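Structure first, then comments.
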Amino acid sequence: MKIYIIILLLFGFSSNAQKQDVQRTIEIFFDGFHQKDTLKIQSVCSSKIILQSISESVIKGNKLSDEKAKEFYKSIASIPSSMKFQEKILNYNIQIDGCLAYVWAPYEFYLNDKLSHSGVNTFTLFKENNIWKIIYLIDTRRK
């Protein structure tokens with residue numbers, strides 16, 4: 001009986017450590033985003049990352065858009081230094097199965113200290129060579 005309890009405890013610690021690693025990967029992504037450091041962002045993204053957004057609008061309808069990684073990095077690097085922005089992650093719901101992780105992260109996006117929009121980021125990560133990399137990012141955006 002004691003061995004089963006020890007195994008369950010070790011599994012719990014391992015699972016929690018994995019979730020912390022995944023969350024840290026997302027935090028590095030946003031550190032790079034806020035610093036406009038595309039190299040930092042790329043350090044946690046797969047070279048084959050897929051980027052999509054869903055814009056929600058009662059007037060214009062819902063729209064799904066794709067963005068190439070190269071365009072995404074270029075847009076981050078070209079944000080004017082006079083523009084203050086922050087994406088606040090409200091919480092993380094992390095699910096892991098082996099080398100696959102999924103993160104549901106509601107957020108609020110602020111421009112010059114004013115709420116611009118909110119929504120949910122979802123990240124899919126792949127663990128390769130013991131390193132978590134973001135392979136897919138889709139978000140919703142609503143005013």
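Order determines the names: the first chain of the structure tokens is A, the second B, and so forth; residues in each chain are numbered 1 upward, and ligands are numbered 1 upward as they are shown.
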**OP:** Go through chain A and collect every residue that DSSP, computed from the backbone, puts in helix (DSSP H, G or I); the answer should be as a ChimeraX atom specification.
**Re:** /A:2-35,38-43,69-77
**OP:** Write out as a list of chain:residue names the residues lying within 12 Å of A:Asp113, counting only C-alpha atoms and excluding same-chain residues fewer than 3 positions away.
**Re:** A:Met83, A:Lys84, A:Phe85, A:Gln86, A:Glu87, A:Lys88, A:Glu108, A:Phe109, A:Tyr110, A:Ser116, A:His117
Original post:
Got a sec: who's within 7 Å of A:Thr140, counting only C-alpha atoms, leaving out chain neighbours fewer than 5 positions off, as a PyMOL selection string?
Top reply: chain A and resi 53-55+119-121
Keeping only all heavy atoms, write the selected residues to a file as a short mmCIF file (atom, residue, chain, number, x, y, z; two decimals), in the first residue's frame.
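Output contents, as saved in result.cif:
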```
data_model
loop_
_atom_site.label_atom_id
_atom_site.label_comp_id
_atom_site.auth_asym_id
_atom_site.auth_seq_id
_atom_site.Cartn_x
_atom_site.Cartn_y
_atom_site.Cartn_z
N SER A 53 -6.09 33.77 -35.75
CA SER A 53 -6.90 34.59 -34.86
C SER A 53 -8.35 34.52 -35.30
O SER A 53 -8.63 34.42 -36.50
CB SER A 53 -6.46 36.05 -34.91
OG SER A 53 -5.27 36.23 -34.20
N ILE A 54 -9.23 34.62 -34.32
CA ILE A 54 -10.65 34.70 -34.59
C ILE A 54 -11.13 36.05 -34.05
O ILE A 54 -11.06 36.29 -32.84
CB ILE A 54 -11.42 33.55 -33.91
CG1 ILE A 54 -10.96 32.21 -34.45
CG2 ILE A 54 -12.94 33.74 -34.10
CD1 ILE A 54 -11.53 31.01 -33.69
N SER A 55 -11.55 36.92 -34.96
CA SER A 55 -12.11 38.21 -34.56
C SER A 55 -13.62 38.04 -34.47
O SER A 55 -14.25 37.56 -35.40
CB SER A 55 -11.77 39.29 -35.58
OG SER A 55 -10.38 39.46 -35.65
N GLY A 119 -10.12 38.07 -24.79
CA GLY A 119 -10.40 36.80 -25.45
C GLY A 119 -9.67 35.67 -24.77
O GLY A 119 -9.35 35.73 -23.57
N VAL A 120 -9.37 34.65 -25.56
CA VAL A 120 -8.66 33.48 -25.07
C VAL A 120 -7.55 33.14 -26.04
O VAL A 120 -7.75 33.16 -27.25
CB VAL A 120 -9.61 32.26 -24.94
CG1 VAL A 120 -8.85 30.99 -24.62
CG2 VAL A 120 -10.67 32.51 -23.87
N ASN A 121 -6.37 32.87 -25.50
CA ASN A 121 -5.27 32.29 -26.28
C ASN A 121 -5.31 30.79 -26.05
O ASN A 121 -5.48 30.35 -24.91
CB ASN A 121 -3.90 32.78 -25.78
CG ASN A 121 -3.68 34.25 -25.99
OD1 ASN A 121 -3.87 34.76 -27.07
ND2 ASN A 121 -3.25 34.94 -24.95
#
```
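Shortest separation to A:His34 among A:Leu90, A:Ala17, A:Leu111, A:Val103 occurs at residue A:Leu111, atoms counted being only C-alpha atoms.
Shortest separation to A:Lys127 among A:Cys99, A:Leu64, A:Arg142, A:Ala69 occurs at residue A:Cys99, atoms counted being only C-alpha atoms.
Minimum distance to A:Glu56 across A:Tyr92, A:Lys133, A:Ser118, A:Gln20 (counting only C-alpha atoms) occurs at A:Ser118.
Take atom CA of A:Asp37 and atom CA of A:Ser75: the distance between them is 11.3 Å.
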Subject >> 12 Å contact set for A:Gln42, only C-alpha atoms, chain neighbours under 2 positions out, as a PyMOL selection string >> reply: chain A and resi 25-26+28-33+36-40+44-49+69-70+72-74+76+133-135
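Taking atom CA of A:Phe123 as the reference point, atom CA of A:Ser82 is found at 28.9 Å.
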**OP:** Run DSSP on the backbone and give me the residues of stretch 38-87 of chain A it puts in strand (DSSP E), as a count of residues only.
**Re:** 19
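You can rank A:Tyr102, A:Asn16, A:Pro80, A:Arg24 by their closest distance to A:Ile131 using only C-alpha atoms, and at the top of that list sits A:Arg24.
Taking atom CA of A:Trp132 and atom CA of A:Ile41 as endpoints, the distance between them is 12.8 Å.
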